[in-house]
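Dumped entry14.cif below, it's mmCIF, C-alpha atoms and all ligand atoms:
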```
data_run
#
loop_
_atom_site.label_atom_id
_atom_site.label_comp_id
_atom_site.auth_asym_id
_atom_site.auth_seq_id
_atom_site.Cartn_x
_atom_site.Cartn_y
_atom_site.Cartn_z
CA MET A 388 227.02 -1.77 -77.23
CA THR A 389 223.71 0.08 -77.61
CA LEU A 390 224.08 3.57 -79.11
CA ARG A 391 222.24 6.22 -77.15
CA PRO A 392 221.98 10.03 -77.42
CA TYR A 393 224.70 11.96 -75.59
CA ASN A 394 223.34 13.21 -72.26
CA PHE A 395 225.13 16.23 -70.77
CA SER A 396 223.08 16.33 -67.55
CA ALA A 397 224.84 17.67 -64.44
CA GLY A 398 223.23 15.02 -62.26
CA PRO A 399 221.67 12.59 -62.12
CA ALA A 400 224.11 12.10 -64.93
CA VAL A 401 224.89 9.67 -67.71
CA MET A 402 225.97 6.18 -66.64
CA PRO A 403 228.38 4.07 -68.70
CA THR A 404 226.24 2.10 -71.18
CA GLU A 405 228.24 -1.07 -70.44
CA VAL A 406 227.29 -0.78 -66.77
CA LEU A 407 223.60 -0.42 -67.55
CA GLU A 408 223.80 -3.38 -69.91
CA GLN A 409 225.44 -5.51 -67.26
CA ALA A 410 222.81 -4.47 -64.70
CA GLN A 411 220.12 -5.33 -67.24
CA ALA A 412 221.61 -8.76 -67.83
CA GLU A 413 221.76 -9.41 -64.08
CA LEU A 414 218.45 -7.76 -63.25
CA LEU A 415 216.27 -10.81 -62.66
CA ASP A 416 218.86 -13.29 -61.50
CA TRP A 417 222.15 -12.22 -59.97
CA ARG A 418 224.76 -14.88 -60.68
CA GLY A 419 222.40 -17.84 -60.45
CA THR A 420 220.91 -16.90 -57.07
CA GLY A 421 217.43 -16.50 -58.53
CA MET A 422 217.29 -13.05 -56.93
CA SER A 423 217.58 -9.54 -58.22
CA VAL A 424 220.10 -7.50 -56.20
CA MET A 425 217.07 -5.34 -55.31
CA GLU A 426 215.49 -8.30 -53.58
CA MET A 427 218.43 -9.46 -51.48
CA SER A 428 218.79 -9.06 -47.75
CA HIS A 429 221.41 -6.43 -47.12
CA ARG A 430 222.91 -8.73 -44.48
CA GLY A 431 222.94 -11.86 -46.66
CA LYS A 432 226.20 -13.29 -48.01
CA GLU A 433 225.44 -12.22 -51.59
CA PHE A 434 224.95 -8.55 -50.83
CA THR A 435 227.77 -8.56 -48.30
CA GLN A 436 230.06 -9.67 -51.13
CA ILE A 437 228.72 -6.93 -53.43
CA ALA A 438 229.16 -4.25 -50.74
CA GLU A 439 232.65 -5.34 -49.75
CA GLU A 440 233.82 -5.56 -53.35
CA ALA A 441 232.52 -2.07 -54.06
CA GLU A 442 234.43 -0.68 -51.10
CA SER A 443 237.64 -2.48 -51.96
CA ASP A 444 237.45 -1.37 -55.61
CA LEU A 445 236.89 2.22 -54.51
CA ARG A 446 239.81 1.95 -52.09
CA GLU A 447 241.99 0.66 -54.91
CA LEU A 448 240.90 3.37 -57.38
CA LEU A 449 241.47 6.24 -54.96
CA ASN A 450 244.35 4.56 -53.14
CA ILE A 451 242.59 5.16 -49.82
CA PRO A 452 244.93 4.50 -46.86
CA ALA A 453 243.91 1.91 -44.24
CA ASN A 454 243.36 4.55 -41.54
CA TYR A 455 240.42 6.02 -43.46
CA ARG A 456 236.88 4.67 -43.11
CA VAL A 457 234.66 4.54 -46.18
CA MET A 458 230.88 4.88 -45.81
CA PHE A 459 228.04 4.45 -48.27
CA LEU A 460 225.25 6.63 -46.87
CA GLN A 461 221.81 7.90 -47.77
CA GLY A 462 220.78 11.53 -47.76
CA GLY A 463 222.82 12.96 -50.61
CA ALA A 464 225.66 15.44 -50.32
CA SER A 465 223.22 17.91 -48.75
CA SER A 466 223.01 15.74 -45.62
CA GLN A 467 226.79 15.91 -45.43
CA PHE A 468 226.52 19.69 -45.12
CA ALA A 469 225.07 18.93 -41.65
CA MET A 470 226.97 15.74 -40.87
CA ILE A 471 230.36 17.39 -41.28
CA PRO A 472 229.87 19.95 -38.47
CA LEU A 473 227.84 17.52 -36.34
CA ASN A 474 230.69 15.02 -36.36
CA LEU A 475 233.87 16.93 -37.00
CA LEU A 476 233.71 20.04 -34.80
CA ARG A 477 235.04 17.77 -32.01
CA GLY A 478 234.52 20.20 -29.16
CA LYS A 479 235.43 23.29 -31.18
CA THR A 480 232.95 26.04 -32.02
CA GLN A 481 234.45 27.54 -35.18
CA ALA A 482 235.04 26.32 -38.70
CA ASP A 483 236.54 27.81 -41.86
CA TYR A 484 234.53 27.70 -45.11
CA CYS A 485 235.27 28.85 -48.65
CA ASN A 486 232.51 30.56 -50.59
CA THR A 487 233.18 29.71 -54.22
CA GLY A 488 229.64 29.18 -55.48
CA ILE A 489 226.10 28.07 -54.88
CA TRP A 490 226.96 24.76 -53.19
CA SER A 491 229.41 26.55 -50.89
CA GLN A 492 226.59 28.86 -49.80
CA LYS A 493 224.38 25.90 -48.93
CA ALA A 494 227.18 24.22 -46.98
CA ILE A 495 227.86 27.46 -45.10
CA ALA A 496 224.18 28.05 -44.26
CA GLU A 497 223.90 24.54 -42.85
CA ALA A 498 227.13 24.77 -40.84
CA GLN A 499 225.98 28.06 -39.30
CA ARG A 500 223.30 26.08 -37.46
CA TYR A 501 226.04 24.33 -35.48
CA CYS A 502 229.05 26.62 -35.28
CA SER A 503 230.50 29.99 -36.01
CA VAL A 504 231.59 30.06 -39.66
CA ASN A 505 234.58 32.07 -40.80
CA VAL A 506 234.49 32.61 -44.57
CA VAL A 507 238.14 32.39 -45.63
CA THR A 508 237.62 33.35 -49.25
CA ASP A 509 234.59 34.76 -51.01
CA SER A 510 234.06 34.77 -54.76
CA THR A 511 230.75 36.67 -54.63
CA ALA A 512 232.32 39.89 -55.92
CA ASN A 513 233.65 38.22 -59.09
CA LYS A 514 230.33 36.41 -59.59
CA PHE A 515 231.95 33.03 -58.92
CA THR A 516 234.26 33.22 -61.91
CA SER A 517 237.49 33.03 -59.92
CA ILE A 518 238.98 32.11 -56.53
CA ALA A 519 241.54 34.14 -54.60
CA ASP A 520 244.85 32.31 -54.40
CA PRO A 521 244.72 29.97 -51.37
CA SER A 522 247.92 31.58 -50.02
CA THR A 523 245.82 34.72 -49.32
CA TRP A 524 242.97 32.98 -47.47
CA GLN A 525 242.29 34.28 -43.96
CA LEU A 526 242.56 30.99 -42.07
CA ASN A 527 241.51 30.84 -38.41
CA PRO A 528 243.99 28.84 -36.29
CA ASN A 529 241.12 27.85 -33.93
CA ALA A 530 238.96 26.41 -36.69
CA ALA A 531 237.96 22.77 -36.29
CA TYR A 532 238.45 22.33 -40.03
CA VAL A 533 238.60 24.06 -43.42
CA HIS A 534 235.80 23.14 -45.83
CA TYR A 535 235.74 23.74 -49.56
CA ILE A 536 233.75 22.57 -52.56
CA ALA A 537 236.33 21.15 -54.96
CA ASN A 538 234.14 21.70 -58.01
CA GLU A 539 231.18 24.07 -58.05
CA THR A 540 228.88 22.09 -60.33
CA ILE A 541 226.55 24.98 -61.17
CA ASN A 542 229.19 27.67 -61.67
CA GLY A 543 231.78 25.44 -63.37
CA LEU A 544 234.53 26.65 -61.02
CA GLU A 545 237.07 24.09 -59.84
CA LEU A 546 239.99 24.22 -57.46
CA HIS A 547 242.27 21.73 -59.19
CA THR A 548 244.73 21.18 -56.36
CA PRO A 549 243.89 20.95 -52.66
CA PRO A 550 244.71 24.16 -50.76
CA GLN A 551 247.56 24.04 -48.22
CA VAL A 552 245.99 24.76 -44.83
CA GLY A 553 248.71 23.67 -42.43
CA ASP A 554 247.63 21.41 -39.58
CA VAL A 555 243.92 22.25 -39.70
CA PRO A 556 241.90 19.28 -41.03
CA LEU A 557 240.88 19.80 -44.65
CA ILE A 558 237.41 18.68 -45.77
CA SER A 559 236.17 18.65 -49.32
CA ASP A 560 232.84 18.19 -51.06
CA MET A 561 233.96 16.34 -54.18
CA SER A 562 230.48 15.51 -55.47
CA SER A 563 231.18 16.51 -59.04
CA THR A 564 234.90 15.80 -59.30
CA ILE A 565 235.53 12.58 -57.36
CA LEU A 566 236.98 9.80 -59.55
CA SER A 567 237.71 12.23 -62.40
CA ARG A 568 241.46 12.01 -61.59
CA PRO A 569 243.78 10.64 -58.91
CA ILE A 570 243.78 12.48 -55.57
CA ASP A 571 246.02 12.18 -52.54
CA VAL A 572 243.53 11.20 -49.84
CA ASN A 573 246.22 11.74 -47.17
CA GLN A 574 245.83 15.49 -47.64
CA PHE A 575 242.26 15.35 -46.37
CA ALA A 576 240.51 14.75 -43.06
CA ALA A 577 237.31 13.94 -44.92
CA ILE A 578 236.01 13.76 -48.47
CA TYR A 579 232.37 13.32 -49.41
CA ALA A 580 230.39 13.08 -52.63
CA GLY A 581 226.84 12.55 -53.75
CA ALA A 582 226.80 9.60 -56.13
CA GLN A 583 224.81 10.91 -59.06
CA LYS A 584 227.69 12.23 -61.18
CA ASN A 585 230.77 9.99 -61.33
CA ILE A 586 229.72 7.23 -58.93
CA GLY A 587 226.29 5.94 -59.83
CA PRO A 588 222.59 6.69 -59.48
CA ALA A 589 221.22 9.17 -56.93
CA GLY A 590 220.40 7.95 -53.44
CA LEU A 591 223.88 7.36 -52.11
CA SER A 592 226.77 9.41 -50.80
CA VAL A 593 230.29 8.20 -50.37
CA VAL A 594 232.08 9.55 -47.28
CA ILE A 595 235.77 8.96 -46.60
CA VAL A 596 236.93 10.03 -43.13
CA ARG A 597 240.21 9.67 -41.26
CA GLU A 598 239.35 7.37 -38.39
CA ASP A 599 241.04 9.28 -35.56
CA LEU A 600 238.48 12.07 -36.11
CA LEU A 601 235.51 9.86 -35.35
CA GLY A 602 233.72 9.44 -32.02
CA ASN A 603 233.20 12.99 -30.77
CA PRO A 604 229.94 14.19 -32.33
CA LEU A 605 227.71 16.96 -30.99
CA SER A 606 225.53 15.44 -28.25
CA PHE A 607 222.27 15.82 -30.17
CA THR A 608 223.55 14.22 -33.40
CA PRO A 609 220.86 11.87 -34.72
CA THR A 610 222.01 8.25 -34.81
CA MET A 611 221.60 8.10 -38.59
CA PHE A 612 223.90 11.15 -38.87
CA ASN A 613 226.58 9.75 -36.59
CA TYR A 614 229.70 8.81 -38.57
CA LYS A 615 231.08 6.56 -35.82
CA VAL A 616 227.88 4.53 -35.68
CA MET A 617 227.69 4.30 -39.45
CA ALA A 618 231.38 3.41 -39.85
CA ASP A 619 231.27 0.77 -37.10
CA GLU A 620 228.12 -0.74 -38.63
CA LYS A 621 229.77 -0.79 -42.09
CA SER A 622 227.05 1.61 -43.34
CA MET A 623 224.40 -0.94 -42.35
CA TYR A 624 222.99 0.51 -39.16
CA ASN A 625 219.74 0.46 -41.11
CA THR A 626 218.82 -0.77 -44.59
CA PRO A 627 221.22 0.91 -47.02
CA PRO A 628 220.34 1.83 -50.64
CA THR A 629 221.41 -1.62 -51.82
CA TYR A 630 220.72 -1.37 -55.53
CA THR A 631 222.46 1.99 -55.85
CA TRP A 632 225.45 0.60 -53.95
CA TYR A 633 225.58 -2.37 -56.34
CA LEU A 634 225.47 -0.05 -59.38
CA ALA A 635 228.23 2.08 -57.87
CA GLY A 636 230.27 -1.12 -57.56
CA LEU A 637 229.74 -1.84 -61.26
CA VAL A 638 230.89 1.69 -62.10
CA PHE A 639 234.07 1.17 -60.03
CA LYS A 640 234.80 -2.04 -61.97
CA TRP A 641 234.15 -0.20 -65.24
CA LEU A 642 236.59 2.52 -64.17
CA LYS A 643 239.26 -0.06 -63.38
CA LYS A 644 238.72 -1.50 -66.85
CA GLN A 645 239.27 1.96 -68.37
CA GLY A 646 242.73 1.93 -66.77
CA GLY A 647 241.87 3.59 -63.44
CA LEU A 648 242.02 7.23 -62.51
CA THR A 649 245.26 8.18 -64.25
CA ALA A 650 243.85 7.00 -67.57
CA ILE A 651 240.41 8.57 -67.05
CA ALA A 652 242.07 11.85 -66.01
CA GLU A 653 243.90 12.02 -69.34
CA THR A 654 240.66 11.47 -71.22
CA ASN A 655 238.83 14.02 -69.06
CA GLN A 656 241.49 16.62 -69.59
CA ARG A 657 241.41 16.10 -73.36
CA LYS A 658 237.60 16.41 -73.38
CA ALA A 659 237.60 19.62 -71.34
CA THR A 660 240.47 21.18 -73.30
CA ALA A 661 238.73 20.52 -76.62
CA LEU A 662 235.42 21.98 -75.47
CA TYR A 663 236.94 25.13 -73.92
CA LYS A 664 239.03 25.62 -77.06
CA ALA A 665 235.92 25.49 -79.23
CA ILE A 666 234.28 28.08 -76.95
CA ASP A 667 237.34 30.35 -76.85
CA ASP A 668 237.95 30.14 -80.61
CA SER A 669 234.48 31.50 -81.31
CA ASP A 670 232.92 34.94 -80.75
CA PHE A 671 229.57 33.23 -80.58
CA TYR A 672 230.20 31.35 -77.29
CA ASN A 673 231.64 32.49 -74.00
CA ASN A 674 232.86 30.93 -70.75
CA ALA A 675 233.67 33.53 -68.10
CA ILE A 676 235.69 31.40 -65.65
CA GLU A 677 239.34 32.29 -65.01
CA LEU A 678 241.39 29.77 -66.99
CA ARG A 679 243.12 28.04 -64.08
CA TYR A 680 239.80 27.42 -62.30
CA ARG A 681 237.83 26.07 -65.24
CA SER A 682 236.07 22.87 -64.33
CA TRP A 683 236.92 19.64 -66.11
CA MET A 684 233.46 18.29 -65.42
CA ASN A 685 230.94 21.13 -65.86
CA VAL A 686 231.38 23.61 -68.67
CA PRO A 687 228.90 26.50 -68.50
CA PHE A 688 228.70 28.79 -71.52
CA THR A 689 226.58 31.56 -72.94
CA LEU A 690 225.61 32.54 -76.48
CA ALA A 691 226.39 35.99 -77.85
CA ASP A 692 222.63 36.33 -78.36
CA ALA A 693 220.85 34.87 -75.31
CA ASN A 694 217.57 34.87 -77.27
CA LEU A 695 218.93 31.92 -79.24
CA GLU A 696 219.20 29.64 -76.19
CA LYS A 697 215.85 27.92 -76.71
CA THR A 698 216.63 27.28 -80.36
CA PHE A 699 220.06 25.96 -79.41
CA LEU A 700 218.57 23.53 -76.91
CA ALA A 701 215.84 22.34 -79.28
CA GLU A 702 218.22 21.79 -82.20
CA ALA A 703 220.80 20.12 -79.96
CA ALA A 704 218.17 17.70 -78.65
CA GLN A 705 217.19 16.91 -82.25
CA ALA A 706 220.83 16.14 -82.96
CA GLY A 707 220.93 13.70 -80.02
CA LEU A 708 222.66 16.09 -77.58
CA LEU A 709 220.53 16.21 -74.43
CA THR A 710 220.25 18.30 -71.25
CA LEU A 711 222.42 21.27 -72.14
CA ALA A 712 220.45 23.93 -70.22
CA GLY A 713 222.30 25.77 -67.45
CA HIS A 714 221.15 25.42 -63.85
CA ARG A 715 217.80 27.11 -63.19
CA THR A 716 219.46 29.60 -60.79
CA VAL A 717 222.05 30.91 -63.27
CA GLY A 718 220.60 30.24 -66.74
CA GLY A 719 222.75 30.00 -69.85
CA LEU A 720 223.95 26.63 -71.06
CA ARG A 721 226.08 23.94 -69.45
CA ALA A 722 227.68 20.76 -70.73
CA SER A 723 228.56 18.28 -68.01
CA ILE A 724 231.21 15.90 -69.26
CA TYR A 725 231.66 13.38 -66.48
CA ASN A 726 233.63 10.13 -66.78
CA ALA A 727 230.85 8.33 -68.64
CA MET A 728 230.72 10.94 -71.42
CA PRO A 729 232.90 9.54 -74.22
CA GLU A 730 235.21 11.73 -76.27
CA SER A 731 232.92 11.10 -79.24
CA GLY A 732 230.14 12.89 -77.31
CA VAL A 733 232.27 15.98 -76.76
CA LYS A 734 233.29 15.92 -80.42
CA ALA A 735 229.64 15.68 -81.48
CA LEU A 736 228.81 18.66 -79.25
CA ILE A 737 231.68 20.74 -80.66
CA ASP A 738 230.65 19.91 -84.25
CA PHE A 739 227.07 20.90 -83.44
CA MET A 740 228.17 24.17 -81.76
CA GLN A 741 230.31 25.13 -84.74
CA ALA A 742 227.51 24.39 -87.20
CA PHE A 743 224.99 26.28 -85.04
CA ALA A 744 227.28 29.32 -84.85
CA LYS A 745 227.60 29.28 -88.65
CA ARG A 746 223.83 29.11 -89.09
CA TYR A 747 222.95 31.84 -86.60
CA GLY A 748 226.17 33.84 -86.09
N1 LIG B 801 227.51 19.54 -53.61
C1 LIG B 801 227.74 19.63 -54.94
C2 LIG B 801 229.08 20.08 -55.41
C3 LIG B 801 226.74 19.30 -55.84
O1 LIG B 801 226.97 19.39 -57.16
C4 LIG B 801 225.48 18.87 -55.37
C5 LIG B 801 224.40 18.49 -56.30
O2 LIG B 801 224.48 18.60 -57.49
C6 LIG B 801 225.28 18.79 -53.98
C7 LIG B 801 226.31 19.13 -53.14
C8 LIG B 801 223.97 18.34 -53.41
O3 LIG B 801 223.85 16.99 -53.63
P1 LIG B 801 222.55 16.15 -53.27
O4 LIG B 801 221.50 16.56 -54.24
O5 LIG B 801 223.02 14.74 -53.43
O6 LIG B 801 222.17 16.47 -51.86
#
```

Produce structure tokens that represent the structure in this file.
Amino acid sequence: MTLRPYNFSAGPAVMPTEVLEQAQAELLDWRGTGMSVMEMSHRGKEFTQIAEEAESDLRELLNIPANYRVMFLQGGASSQFAMIPLNLLRGKTQADYCNTGIWSQKAIAEAQRYCSVNVVTDSTANKFTSIADPSTWQLNPNAAYVHYIANETINGLELHTPPQVGDVPLISDMSSTILSRPIDVNQFAAIYAGAQKNIGPAGLSVVIVREDLLGNPLSFTPTMFNYKVMADEKSMYNTPPTYTWYLAGLVFKWLKKQGGLTAIAETNQRKATALYKAIDDSDFYNNAIELRYRSWMNVPFTLADANLEKTFLAEAAQAGLLTLAGHRTVGGLRASIYNAMPESGVKALIDFMQAFAKRYG
């Protein structure tokens, strides 16, 4: 396998090298067809096979029950901020939203175009370092659904277990946590995720919706934003992002080879635990998130002397540790350690951080 630098980008994020190598080997001629997957008709038998295999592998990995529809859609997770209320208000006018970070705020702002939003918990006052216990959330019994961002990618704040919200449908943006561990899909009315972290390249979103909720969109819902149309057309109402879908399928096969989600969860937990320990053991680094909400996937941290950030980034890049800057809206540093980041990458980062702290601390 080709050795590459370790890339800690939050998304688009590192892909498994084996997947890229397989795509490279198949680039010009997919399995003797003489065609690149990029060049195939999305309705031809070759791509149909690729698309169906990707869905069935994803269903197997996440153990998705038969009464859930799976869609592979364009528009990124940001389009889902609109598609959720457009499709899932189902005649109601109110929805519950959690405000746990920057992506929550975007989801809320979009939903407010279509319904009255009740914010059930708000982490603004603690600067998105913690979340009030879900048992204290002010749920509205008339809400069409409860929406939360499972992992706030920018803030590094993660709700590790789904909140209990009674009979109200629960909807989660899992963009930066999906496939990092097993989940019980039955607890959700809908789950969605942009691809560019644990699924594949940008340009695709995966949406999983319980099928009894489909078919009652707001009257002005654009056809391309209509879940029922997209589900009935098997995500091929129009030309889907075929190559991205194919690469996502390769990632699903790679994940199965790693032992599936239980195995990858163990690795992810070890990676996160080691990195947070290195931060906590040092006076030089800090992570402000309340322990039980620390993200397994995105680890933001600061240096005791913020003036050293540029030097840290430059020296890290020289050491083959890329894309460690925090999000432009919050600054600081951030290591994203998605599924494709091997434990050796986290170890290399920890070694570098310890050596850097010795040099400059
Ligand atoms: N939700 C979360 C949790 C994200 O991390 C992101 C992007 O990083 C988005 C939504 C927006 O995704 P997209 O850029 O695919 O629209």

Contacts of A:Phe575 at 8 Å (only C-alpha atoms; same-chain gap of 3+ positions) as a PyMOL selection string: chain A and resi 556-559+571-572+578+597

Atom pair atom CA of A:Cys502 / atom CA of A:Gln481: separation (Å):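 Spanning atom CA of A:Cys502 to atom CA of A:Gln481 is a straight-line distance of 5.5 Å.
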
Give me, as CSV, the closest atom pair and its distance (Å, one decimal) for every residue of chain A within a cut-off of 7 Å of ligand LIG 801 (chain B), counting only C-alpha atoms and all ligand atoms, rows sorted by chain and rising number.
```
residue,atom,partner,partner_atom,distance
A:Gly398,CA,B:LIG801,O2,6.1
A:Gly462,CA,B:LIG801,O6,6.6
A:Gly463,CA,B:LIG801,O5,3.3
A:Ala464,CA,B:LIG801,O6,4.0
A:Ser465,CA,B:LIG801,O6,3.6
A:Ser466,CA,B:LIG801,O6,6.3
A:Trp490,CA,B:LIG801,N1,5.3
A:Ile536,CA,B:LIG801,C2,6.0
A:Asn538,CA,B:LIG801,C2,5.9
A:Glu539,CA,B:LIG801,C2,5.2
A:Thr540,CA,B:LIG801,O1,4.6
A:Ile541,CA,B:LIG801,O1,6.9
A:Asp560,CA,B:LIG801,C2,6.1
A:Met561,CA,B:LIG801,C2,6.3
A:Ser562,CA,B:LIG801,C2,4.8
A:Ser563,CA,B:LIG801,O1,5.4
A:Gly581,CA,B:LIG801,O5,4.4
A:Ala582,CA,B:LIG801,O5,6.9
A:Ala589,CA,B:LIG801,O5,6.8
```

Top pick for closest residue to A:Asp416, considering A:Glu433, A:Tyr725, A:Ala438, A:Thr523 and counting all atoms listed in the file: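 Answer, going by the shortest atom-to-atom distance: A:Glu433.
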
Contacts of A:Ala530 at 7 Å (all atoms listed in the file; same-chain gap of 3+ positions) as a PyMOL selection string: chain A and resi 481-483+527

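A straight line drawn from atom CA of A:Ala706 to atom CA of A:Gly543 is 24.3 Å long.
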